[in-house]
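Novice: The following file, target_11.tsv, comprises TSV, C-alpha atoms:
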```
chain	number	residue	atom	x	y	z
T	30	MET	CA	239.53	-120.42	194.85
T	31	LEU	CA	241.36	-117.71	196.75
T	32	ALA	CA	244.56	-119.73	196.65
T	33	ALA	CA	244.26	-120.09	192.86
T	34	VAL	CA	243.79	-116.33	192.45
T	35	ILE	CA	246.76	-115.60	194.69
T	36	THR	CA	248.92	-118.11	192.83
T	37	PHE	CA	247.95	-116.68	189.45
T	38	THR	CA	248.46	-113.08	190.55
T	39	GLY	CA	251.78	-113.79	192.19
T	40	SER	CA	253.19	-115.76	189.27
T	41	LEU	CA	251.99	-113.09	186.82
T	42	LEU	CA	253.61	-110.27	188.82
T	43	VAL	CA	256.87	-112.18	189.14
T	44	ALA	CA	256.95	-112.89	185.39
T	45	LEU	CA	256.21	-109.27	184.45
T	46	LEU	CA	258.74	-107.95	186.98
T	47	ALA	CA	261.44	-110.25	185.61
T	48	VAL	CA	260.73	-109.22	182.02
T	49	THR	CA	260.71	-105.53	182.95
T	50	LEU	CA	264.03	-105.74	184.77
T	51	VAL	CA	265.65	-107.63	181.90
T	52	HIS	CA	264.23	-105.14	179.40
T	53	ARG	CA	265.68	-102.16	181.29
T	54	VAL	CA	269.08	-103.77	181.57
T	55	VAL	CA	269.11	-104.69	177.87
T	56	ARG	CA	267.95	-101.20	176.87
T	57	ARG	CA	270.70	-99.59	178.96
T	58	ILE	CA	273.32	-101.81	177.38
T	59	GLY	CA	271.73	-101.05	174.00
T	60	ARG	CA	272.93	-97.45	174.28
T	61	ARG	CA	276.40	-98.77	173.48
T	62	SER	CA	275.55	-101.87	171.46
T	63	ALA	CA	273.39	-102.14	168.36
T	64	LEU	CA	272.66	-105.80	169.11
T	65	PHE	CA	271.14	-105.12	172.53
T	66	ALA	CA	269.29	-102.10	171.17
T	67	GLY	CA	267.67	-104.38	168.60
T	68	LEU	CA	266.80	-106.87	171.34
T	69	ALA	CA	265.12	-104.16	173.41
T	70	ARG	CA	263.18	-102.97	170.39
T	71	HIS	CA	262.03	-106.24	168.79
T	72	ALA	CA	262.03	-108.88	171.56
T	73	HIS	CA	260.24	-107.00	174.32
T	74	LYS	CA	256.63	-107.64	173.27
T	75	PRO	CA	257.01	-111.38	172.49
T	76	ALA	CA	258.95	-111.77	175.76
T	77	VAL	CA	256.09	-110.16	177.72
T	78	VAL	CA	253.54	-112.45	176.05
T	79	MET	CA	255.76	-115.45	176.71
T	80	ALA	CA	256.15	-114.56	180.39
T	81	VAL	CA	252.41	-114.06	180.87
T	82	LEU	CA	251.65	-117.43	179.26
T	83	VAL	CA	254.25	-119.19	181.40
T	84	ALA	CA	252.68	-117.68	184.50
T	85	VAL	CA	249.21	-118.75	183.36
T	86	GLN	CA	250.36	-122.32	182.66
T	87	PHE	CA	252.14	-122.54	186.02
T	88	SER	CA	249.03	-121.33	187.83
T	89	LEU	CA	246.80	-123.79	185.98
T	90	SER	CA	249.08	-126.74	186.61
T	91	VAL	CA	249.38	-125.94	190.34
T	92	SER	CA	245.98	-124.72	191.48
T	93	ALA	CA	243.42	-125.52	188.76
T	94	HIS	CA	240.99	-128.43	189.23
T	95	GLY	CA	238.09	-129.72	187.20
T	96	ASP	CA	237.31	-130.94	183.71
T	97	TRP	CA	238.24	-127.62	182.09
T	98	ARG	CA	241.83	-127.85	183.39
T	99	SER	CA	243.08	-130.07	180.51
T	100	THR	CA	241.41	-127.87	177.89
T	101	ALA	CA	242.88	-124.71	179.41
T	102	LEU	CA	246.33	-126.27	179.61
T	103	HIS	CA	246.06	-127.36	175.97
T	104	ALA	CA	245.06	-123.88	174.84
T	105	THR	CA	247.86	-122.34	176.91
T	106	GLY	CA	250.33	-124.78	175.41
T	107	ILE	CA	249.28	-123.79	171.89
T	108	ALA	CA	249.64	-120.11	172.78
T	109	LEU	CA	253.09	-120.83	174.23
T	110	ILE	CA	254.17	-122.48	170.96
T	111	LEU	CA	253.02	-119.49	168.94
T	112	ALA	CA	254.61	-117.00	171.35
T	113	GLY	CA	257.85	-119.01	171.31
T	114	ALA	CA	257.86	-118.91	167.50
T	115	TRP	CA	257.28	-115.15	167.63
T	116	LEU	CA	260.15	-114.69	170.08
T	117	LEU	CA	262.46	-116.93	168.02
T	118	ALA	CA	261.65	-115.03	164.82
T	119	ALA	CA	262.30	-111.73	166.61
T	120	LEU	CA	265.69	-112.97	167.86
T	121	LEU	CA	266.65	-114.07	164.35
T	122	VAL	CA	265.64	-110.68	162.95
T	123	VAL	CA	267.73	-108.93	165.62
T	124	ILE	CA	270.79	-111.04	164.77
T	125	GLU	CA	270.35	-110.40	161.06
T	126	ASP	CA	269.89	-106.64	161.60
T	127	ALA	CA	273.03	-106.53	163.74
T	128	THR	CA	274.95	-108.33	161.01
T	129	LEU	CA	273.68	-105.93	158.35
T	130	ALA	CA	274.57	-102.91	160.50
T	131	ARG	CA	278.21	-104.00	160.56
T	132	ILE	CA	278.40	-104.16	156.75
T	133	ARG	CA	278.27	-100.70	155.23
T	134	VAL	CA	276.94	-100.06	151.74
T	135	ASP	CA	277.56	-96.28	151.68
T	136	VAL	CA	281.09	-96.71	150.33
T	137	SER	CA	282.43	-96.41	146.80
T	138	ASP	CA	283.17	-100.11	146.29
T	139	ASN	CA	280.22	-101.79	147.99
T	140	ARG	CA	279.80	-104.84	145.76
T	141	HIS	CA	280.59	-107.34	148.54
T	142	ALA	CA	278.41	-105.46	151.03
T	143	ARG	CA	275.43	-105.46	148.67
T	144	ARG	CA	275.89	-109.17	148.06
T	145	VAL	CA	275.80	-109.91	151.81
T	146	HIS	CA	272.77	-107.64	152.27
T	147	THR	CA	270.93	-109.50	149.51
T	148	GLN	CA	271.71	-112.91	150.98
T	149	ILE	CA	270.83	-111.96	154.55
T	150	THR	CA	267.57	-110.31	153.46
T	151	LEU	CA	266.43	-113.45	151.65
T	152	VAL	CA	267.66	-115.71	154.47
T	153	ARG	CA	265.58	-113.64	156.90
T	154	ARG	CA	262.46	-114.27	154.86
T	155	VAL	CA	263.25	-117.96	154.61
T	156	THR	CA	263.84	-118.29	158.36
T	157	VAL	CA	260.58	-116.52	159.20
T	158	VAL	CA	258.70	-118.87	156.86
T	159	VAL	CA	260.44	-121.94	158.31
T	160	VAL	CA	259.72	-120.88	161.90
T	161	SER	CA	256.06	-120.26	161.02
T	162	VAL	CA	255.72	-123.65	159.35
T	163	LEU	CA	257.37	-125.43	162.30
T	164	ALA	CA	255.14	-123.60	164.75
T	165	ALA	CA	252.03	-124.58	162.78
T	166	ALA	CA	253.22	-128.18	162.65
T	167	ALA	CA	253.91	-128.19	166.41
T	168	VAL	CA	250.41	-126.85	167.09
T	169	LEU	CA	248.83	-129.53	164.93
T	170	MET	CA	250.85	-132.24	166.65
T	171	THR	CA	249.27	-131.30	169.99
T	172	PHE	CA	246.00	-132.76	168.71
T	173	PRO	CA	245.88	-136.59	168.86
T	174	GLY	CA	243.76	-136.78	165.70
T	175	ALA	CA	246.19	-134.61	163.74
T	176	ARG	CA	249.10	-136.73	165.01
T	177	ALA	CA	247.46	-139.89	163.66
T	178	ALA	CA	246.62	-138.18	160.39
T	179	GLY	CA	250.22	-137.07	160.06
T	180	THR	CA	251.44	-140.63	160.48
T	181	SER	CA	249.13	-141.83	157.70
T	182	LEU	CA	250.08	-138.95	155.44
T	183	LEU	CA	253.75	-139.90	155.59
T	184	ALA	CA	252.98	-143.03	153.57
T	185	SER	CA	251.57	-140.97	150.70
T	186	ALA	CA	254.01	-138.08	150.98
T	187	GLY	CA	255.47	-138.77	147.55
T	188	VAL	CA	252.11	-138.55	145.80
T	189	ILE	CA	251.11	-135.44	147.73
T	190	GLY	CA	254.46	-133.84	147.00
T	191	ALA	CA	254.11	-134.50	143.28
T	192	ILE	CA	250.59	-133.07	143.23
T	193	ALA	CA	251.68	-130.00	145.22
T	194	ALA	CA	254.64	-129.46	142.92
T	195	LEU	CA	252.42	-129.52	139.85
T	196	ALA	CA	249.84	-127.25	141.43
T	197	ALA	CA	252.42	-124.70	142.60
T	198	GLN	CA	254.93	-125.03	139.80
T	199	SER	CA	255.08	-121.30	139.09
T	200	LEU	CA	255.32	-120.36	142.76
T	201	LEU	CA	258.00	-122.92	143.52
T	202	GLY	CA	259.93	-121.86	140.42
T	203	ASN	CA	260.01	-118.28	141.67
T	204	VAL	CA	261.02	-119.40	145.16
T	205	PHE	CA	263.93	-121.49	143.88
T	206	ALA	CA	264.89	-118.65	141.54
T	207	GLY	CA	264.98	-116.25	144.49
T	208	VAL	CA	267.27	-118.56	146.45
T	209	GLN	CA	269.51	-119.03	143.42
T	210	ILE	CA	269.73	-115.29	142.82
T	211	ALA	CA	270.68	-114.72	146.46
T	212	PHE	CA	273.64	-117.09	146.38
T	213	SER	CA	274.74	-116.91	142.72
T	214	ASP	CA	275.75	-113.23	142.95
T	215	ALA	CA	274.02	-112.52	139.63
T	216	LEU	CA	271.81	-109.83	141.16
T	217	ARG	CA	272.16	-107.82	144.35
T	218	LEU	CA	270.35	-105.06	146.16
T	219	ASP	CA	271.10	-101.59	144.75
T	220	ASP	CA	272.48	-103.03	141.50
T	221	VAL	CA	272.05	-100.79	138.45
T	222	VAL	CA	270.26	-102.77	135.73
T	223	ILE	CA	268.62	-102.37	132.36
T	224	VAL	CA	265.44	-104.47	132.32
T	225	GLU	CA	262.72	-104.29	129.67
T	226	ASP	CA	264.54	-101.27	128.16
T	227	GLN	CA	264.23	-99.49	131.51
T	228	TRP	CA	267.08	-98.10	133.65
T	229	GLY	CA	266.80	-98.57	137.39
T	230	ARG	CA	268.18	-99.95	140.64
T	231	ILE	CA	267.25	-103.15	142.45
T	232	GLU	CA	265.19	-101.96	145.40
T	233	ASP	CA	263.99	-105.25	146.88
T	234	ILE	CA	264.47	-108.98	146.25
T	235	THR	CA	261.97	-111.43	147.69
T	236	LEU	CA	261.48	-115.13	147.19
T	237	THR	CA	258.84	-114.53	144.52
T	238	TYR	CA	259.43	-111.11	142.93
T	239	VAL	CA	262.02	-108.38	142.41
T	240	VAL	CA	261.28	-104.64	142.67
T	241	VAL	CA	263.23	-102.36	140.31
T	242	HIS	CA	263.24	-98.66	141.21
T	243	LEU	CA	263.22	-96.88	137.84
T	244	TRP	CA	264.89	-93.55	137.19
T	245	ASP	CA	261.56	-91.66	137.22
T	246	ASP	CA	260.51	-93.13	140.61
T	247	ARG	CA	258.29	-95.80	139.10
T	248	ARG	CA	258.57	-99.38	140.33
T	249	LEU	CA	258.90	-102.29	137.92
T	250	ILE	CA	257.93	-105.54	139.63
T	251	LEU	CA	259.09	-108.74	137.96
T	252	PRO	CA	258.98	-112.39	139.08
T	253	THR	CA	262.33	-113.72	140.26
T	254	ALA	CA	262.24	-116.41	137.58
T	255	TYR	CA	262.42	-113.64	134.95
T	256	PHE	CA	266.06	-112.93	135.82
T	257	LEU	CA	266.99	-116.57	135.19
T	258	LYS	CA	265.13	-116.90	131.90
T	259	SER	CA	265.55	-113.49	130.25
T	260	PRO	CA	268.74	-111.51	129.56
T	261	PHE	CA	269.28	-108.23	131.38
T	262	GLU	CA	272.12	-105.74	131.83
T	263	ASN	CA	273.84	-105.43	135.20
T	264	TRP	CA	276.00	-102.30	135.21
T	265	THR	CA	277.44	-102.99	138.67
T	266	ARG	CA	278.15	-106.70	138.38
T	267	THR	CA	281.87	-106.40	139.15
T	268	GLN	CA	282.28	-102.71	139.98
T	269	SER	CA	280.25	-99.52	140.02
T	270	ALA	CA	282.60	-97.49	137.77
T	271	LEU	CA	281.33	-97.13	134.20
T	272	LEU	CA	282.18	-95.64	130.81
T	273	GLY	CA	279.83	-93.45	128.80
T	274	THR	CA	279.78	-91.82	125.36
T	275	VAL	CA	278.78	-88.42	123.98
T	276	GLU	CA	278.27	-88.41	120.20
T	277	MET	CA	277.83	-85.36	117.95
T	278	ASP	CA	277.43	-84.97	114.17
T	279	LEU	CA	279.49	-81.93	113.11
T	280	ASP	CA	280.74	-80.22	109.98
T	281	TRP	CA	283.91	-81.38	108.23
T	282	THR	CA	285.67	-78.18	109.30
T	283	VAL	CA	285.52	-79.00	113.02
T	284	PRO	CA	288.92	-78.63	114.78
T	285	VAL	CA	289.16	-82.05	116.39
T	286	GLU	CA	292.33	-81.42	118.39
T	287	GLU	CA	290.98	-78.22	119.91
T	288	LEU	CA	287.71	-80.00	120.70
T	289	ARG	CA	289.69	-82.78	122.38
T	290	GLN	CA	291.55	-80.31	124.57
T	291	GLU	CA	288.31	-78.54	125.47
T	292	LEU	CA	286.75	-81.86	126.55
T	293	ARG	CA	289.65	-82.54	128.93
T	294	HIS	CA	289.39	-79.01	130.28
T	295	ALA	CA	285.68	-79.49	130.97
T	296	LEU	CA	286.20	-82.85	132.71
T	297	GLU	CA	289.08	-81.64	134.87
T	298	GLY	CA	286.88	-78.84	136.16
T	299	SER	CA	284.12	-81.22	137.30
T	300	ASP	CA	284.06	-83.46	140.39
T	301	LEU	CA	281.86	-85.94	138.50
T	302	TRP	CA	284.84	-87.26	136.52
T	303	ASP	CA	286.85	-90.02	138.20
T	304	GLY	CA	289.99	-89.29	136.15
T	305	ARG	CA	290.18	-92.64	134.36
T	306	VAL	CA	289.09	-92.10	130.74
T	307	CYS	CA	288.93	-88.99	128.55
T	308	VAL	CA	289.00	-89.82	124.83
T	309	MET	CA	287.83	-87.89	121.78
T	310	GLN	CA	287.69	-89.70	118.42
T	311	VAL	CA	286.15	-89.27	114.98
T	312	THR	CA	284.23	-92.50	114.54
T	313	ASP	CA	282.55	-91.82	111.19
T	314	ALA	CA	282.84	-89.47	108.21
T	315	VAL	CA	280.09	-90.12	105.67
T	316	GLY	CA	277.91	-87.69	103.75
T	317	SER	CA	277.70	-84.12	104.99
T	318	PHE	CA	278.88	-84.71	108.59
T	319	VAL	CA	281.63	-86.25	110.66
T	320	ARG	CA	280.69	-88.11	113.83
T	321	VAL	CA	282.72	-87.21	116.89
T	322	ARG	CA	282.55	-89.45	119.96
T	323	ALA	CA	283.71	-88.50	123.44
T	324	LEU	CA	284.36	-91.33	125.89
T	325	VAL	CA	284.22	-90.39	129.60
T	326	SER	CA	284.19	-92.28	132.90
T	327	ALA	CA	282.58	-91.88	136.32
T	328	SER	CA	282.45	-93.76	139.60
T	329	ASP	CA	278.78	-94.83	139.27
T	330	ALA	CA	275.87	-94.73	136.87
T	331	GLY	CA	274.18	-91.64	138.31
T	332	ARG	CA	277.33	-89.53	138.18
T	333	LEU	CA	278.08	-90.86	134.69
T	334	TRP	CA	274.73	-89.63	133.38
T	335	ASP	CA	275.29	-86.17	134.83
T	336	LEU	CA	278.84	-86.12	133.45
T	337	ARG	CA	277.68	-87.00	129.94
T	338	CYS	CA	275.10	-84.21	130.01
T	339	LEU	CA	277.71	-81.77	131.33
T	340	ALA	CA	280.23	-82.68	128.61
T	341	ARG	CA	277.60	-82.42	125.87
T	342	GLU	CA	276.38	-79.00	127.03
T	343	HIS	CA	279.92	-77.67	127.41
T	344	LEU	CA	281.07	-78.80	123.96
T	345	VAL	CA	277.96	-77.45	122.23
T	346	GLY	CA	278.39	-74.08	123.92
T	347	TRP	CA	282.11	-73.94	123.09
T	348	LEU	CA	281.48	-74.74	119.42
T	349	ARG	CA	278.77	-72.09	119.12
T	350	ALA	CA	281.02	-69.47	120.74
T	351	HIS	CA	284.35	-70.23	119.05
T	352	HIS	CA	283.68	-72.31	115.93
T	353	PRO	CA	280.12	-71.72	114.69
T	354	GLY	CA	281.14	-72.91	111.24
T	355	SER	CA	281.77	-76.36	112.67
T	356	LEU	CA	278.14	-76.84	113.61
T	357	PRO	CA	276.08	-79.12	111.33
T	358	GLN	CA	275.19	-77.45	108.04
T	359	VAL	CA	274.02	-78.53	104.60
T	360	ARG	CA	275.79	-77.12	101.53
T	361	VAL	CA	273.77	-76.53	98.30
T	362	ARG	CA	275.54	-76.12	94.96
T	363	ASP	CA	274.16	-73.31	92.79
T	364	LEU	CA	273.36	-74.49	89.23
T	365	PRO	CA	273.39	-72.04	86.24
T	366	ARG	CA	269.99	-70.59	85.48
T	367	ALA	CA	268.26	-71.10	82.12
T	368	ALA	CA	268.55	-67.39	81.26
T	369	ASP	CA	272.33	-67.60	81.65
T	370	ARG	CA	272.60	-70.43	79.10
T	371	GLY	CA	271.16	-68.36	76.23
T	372	PRO	CA	268.22	-69.18	73.93
T	373	VAL	CA	267.59	-72.79	73.15
T	374	SER	CA	266.80	-73.65	69.54
T	375	GLN	CA	263.92	-75.85	68.61
T	376	ALA	CA	266.29	-78.56	67.49
T	377	GLN	CA	267.95	-78.51	70.91
T	378	GLU	CA	264.72	-78.65	72.84
T	379	PRO	CA	264.29	-81.99	74.57
T	380	SER	CA	261.61	-84.19	73.23
T	381	ASP	CA	259.41	-86.56	75.15
T	382	ASN	CA	260.55	-89.42	72.94
T	383	ARG	CA	264.07	-89.23	74.46
T	384	VAL	CA	262.84	-91.27	77.37
T	385	PHE	CA	263.18	-94.33	75.13
T	386	GLY	CA	266.99	-94.01	74.92
T	387	GLU	CA	269.27	-94.37	71.89
T	388	SER	CA	269.22	-98.15	71.42
T	389	ALA	CA	267.71	-99.90	68.39
T	390	ASP	CA	264.72	-100.91	70.45
T	391	GLY	CA	264.37	-97.35	71.65
T	392	GLU	CA	264.35	-96.00	68.08
T	393	GLU	CA	261.51	-98.35	67.16
T	394	ARG	CA	259.54	-97.05	70.12
T	395	VAL	CA	260.25	-93.46	69.03
T	396	GLN	CA	258.68	-94.17	65.63
T	397	ALA	CA	255.61	-95.71	67.30
T	398	PHE	CA	255.26	-92.91	69.86
T	399	SER	CA	252.73	-90.29	68.74
T	400	GLY	CA	253.90	-87.59	71.19
T	401	PRO	CA	251.92	-85.27	73.45
T	402	ASP	CA	251.30	-82.59	70.77
T	403	GLN	CA	249.11	-84.77	68.60
T	404	ALA	CA	245.48	-84.51	69.47
T	405	VAL	CA	243.41	-87.59	69.80
T	406	GLN	CA	241.10	-87.85	66.81
T	407	PRO	CA	237.45	-88.47	67.64
T	408	ARG	CA	235.92	-91.64	66.34
```
Re-express the file's structure as structure tokens.
Specialist:
Amino acid sequence: MLAAVITFTGSLLVALLAVTLVHRVVRRIGRRSALFAGLARHAHKPAVVMAVLVAVQFSLSVSAHGDWRSTALHATGIALILAGAWLLAALLVVIEDATLARIRVDVSDNRHARRVHTQITLVRRVTVVVVSVLAAAAVLMTFPGARAAGTSLLASAGVIGAIAALAAQSLLGNVFAGVQIAFSDALRLDDVVIVEDQWGRIEDITLTYVVVHLWDDRRLILPTAYFLKSPFENWTRTQSALLGTVEMDLDWTVPVEELRQELRHALEGSDLWDGRVCVMQVTDAVGSFVRVRALVSASDAGRLWDLRCLAREHLVGWLRAHHPGSLPQVRVRDLPRAADRGPVSQAQEPSDNRVFGESADGEERVQAFSGPDQAVQPR
């Protein structure tokens, strides 16, 4: 008994000492390398658990005796499989984080970087699921009964697969849609989209749903299959630079050329404008107003919105200060009053029977019309 305790204690101390030394070395190297820093941060705990379980299994295999030895070894083996899956998943996460750290998204043209981030994020989720499924399968295969059941289930795998596909049709559809979105480049993280008449950015893409961060800090959560079945606007599909319009209904006397020069002056004085497009055009002239449209450009959707508001406020203020007569107004034509036309004779007074017109049919109706001045005779 004493020998078993000494063996267990010694193997446990050696395992913990080895893990501690490796952890310190990796953490020191991690001061200069993001990869080793991620290893020290994510892989330390599963490595400690793995080392302890290896020490326990070694002690049991060397010094344990009795009927409980096989059961203890079996339980330790299952724990080792789970700890190994944990350590493997942690290593994969570290590698993926190191890859993402090398690809910057805080640049002006980050379309390729956002595409890689989207793909790696979804691949990470897929790898974690695959490792978990393999670990669960390995644990089940340690039981002789489960191994025999697995052999018999292989014969009916087609039927079971068909039943599972029908039962989880919606879930599987979303999963396949998530994989397709990741590698089709139709949607990426941080893309600016218009979905369900809402403006927002893609905040997260999973295998089953997509989170859209709306402009007012709400989150719109949609299944991934939605983006394959329903149309949506992607404002950053090829590039982040966009065009925007500012429309105003003004009076016909508006000085268009001066307004055009004032628009350029306002844009040149703002760092929101990227210098690509500055156009002022009269797009419509119907009724009492003319419609003036300003076309401006910015490097991304957020700056474009601010630039449109800035241009609109500047033009409105300039018109009020320099050309108030160009603001929208309704003109009313004064008609001559009845007193100015002189007295109207009784023959010139309009009669109610004129509503019938001057046709032959109208004259017949005039003769039949009694008029409003005739009182209704009582019966």
Novice: Using only C-alpha atoms, find the one residue out of T:Leu89, T:Val168, T:Ala101, T:Val239 that sits nearest to Thr253 (chain T).
Specialist: T:Val239
Novice: To one decimal place in Å, what is the distance between CA of Ala130 (chain T) and CA of Met79 (chain T)?
Specialist: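 Computing the Euclidean distance for CA of Ala130 (chain T) and CA of Met79 (chain T) yields 27.8 Å.
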Novice: Calculate how many Å separate CA of Leu336 (chain T) from CA of Ala270 (chain T), rounding to one decimal.
Specialist: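 CA of Leu336 (chain T) sits 12.7 Å away from CA of Ala270 (chain T).
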Novice: Measuring between all atoms listed in the file, which one of T:Ala119, T:Val241, T:Ala47, T:Cys307 shows the shortest distance to Arg153 (chain T)?
Specialist: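 The closest residue to Arg153 (chain T) is T:Ala119.
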Novice: Please measure the separation of CA of Leu111 (chain T) and CA of Val204 (chain T), giving the value in Å to one decimal.
Specialist: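 According to the coordinates, CA of Leu111 (chain T) and CA of Val204 (chain T) are separated by 25.1 Å.
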Novice: As a JSON list (two decimals) with C-alpha atoms, in the coordinates of the input, please: the residues near region 155-164 of chain T (cut-off 7 Å, all atoms listed in the file, same-chain neighbours under 2 positions excluded).
Specialist:
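Okay, result-v5.json is ready:
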```json
[["chain", "number", "residue", "atom", "x", "y", "z"],
["T", 110, "ILE", "CA", 254.17, -122.48, 170.96],
["T", 111, "LEU", "CA", 253.02, -119.49, 168.94],
["T", 114, "ALA", "CA", 257.86, -118.91, 167.50],
["T", 118, "ALA", "CA", 261.65, -115.03, 164.82],
["T", 151, "LEU", "CA", 266.43, -113.45, 151.65],
["T", 152, "VAL", "CA", 267.66, -115.71, 154.47],
["T", 153, "ARG", "CA", 265.58, -113.64, 156.90],
["T", 166, "ALA", "CA", 253.22, -128.18, 162.65],
["T", 167, "ALA", "CA", 253.91, -128.19, 166.41],
["T", 168, "VAL", "CA", 250.41, -126.85, 167.09]]
```
Novice: Go through T:Asp278, T:Glu262, T:Glu342, T:Asp335 one by one, measure the shortest atom-to-atom distance of each to Arg320 (chain T) using all atoms listed in the file, and give the residue with the smallest value.
Specialist: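 Among the listed residues, the smallest separation from Arg320 (chain T) belongs to T:Asp278.
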Novice: So, counting all atoms listed in the file, which residue among T:Thr150, T:Gln310, T:Gln86, T:Thr100 is closest to Met277 (chain T)?
Specialist: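 Going through T:Thr150, T:Gln310, T:Gln86, T:Thr100 one by one, the smallest distance to Met277 (chain T) is for T:Gln310.
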Novice: With distances taken over all atoms listed in the file, which of T:Val240, T:Leu64, T:Arg360, T:Gln148 is nearest to Phe212 (chain T)?
Specialist: T:Gln148
Novice: What's around Leu249 (chain T) at 9 Å? Count only C-alpha atoms, leave out sequence neighbours fewer than 2 positions away in its own chain, and write the answer as a count of residues only.
Specialist: 10
Novice: May I ask which of the residues T:Trp347, T:Trp97, T:Phe87, T:Trp244 is the closest one to Val221 (chain T), counting only C-alpha atoms?
Specialist: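 With only C-alpha atoms as the atom set, the closest residue is T:Trp244.
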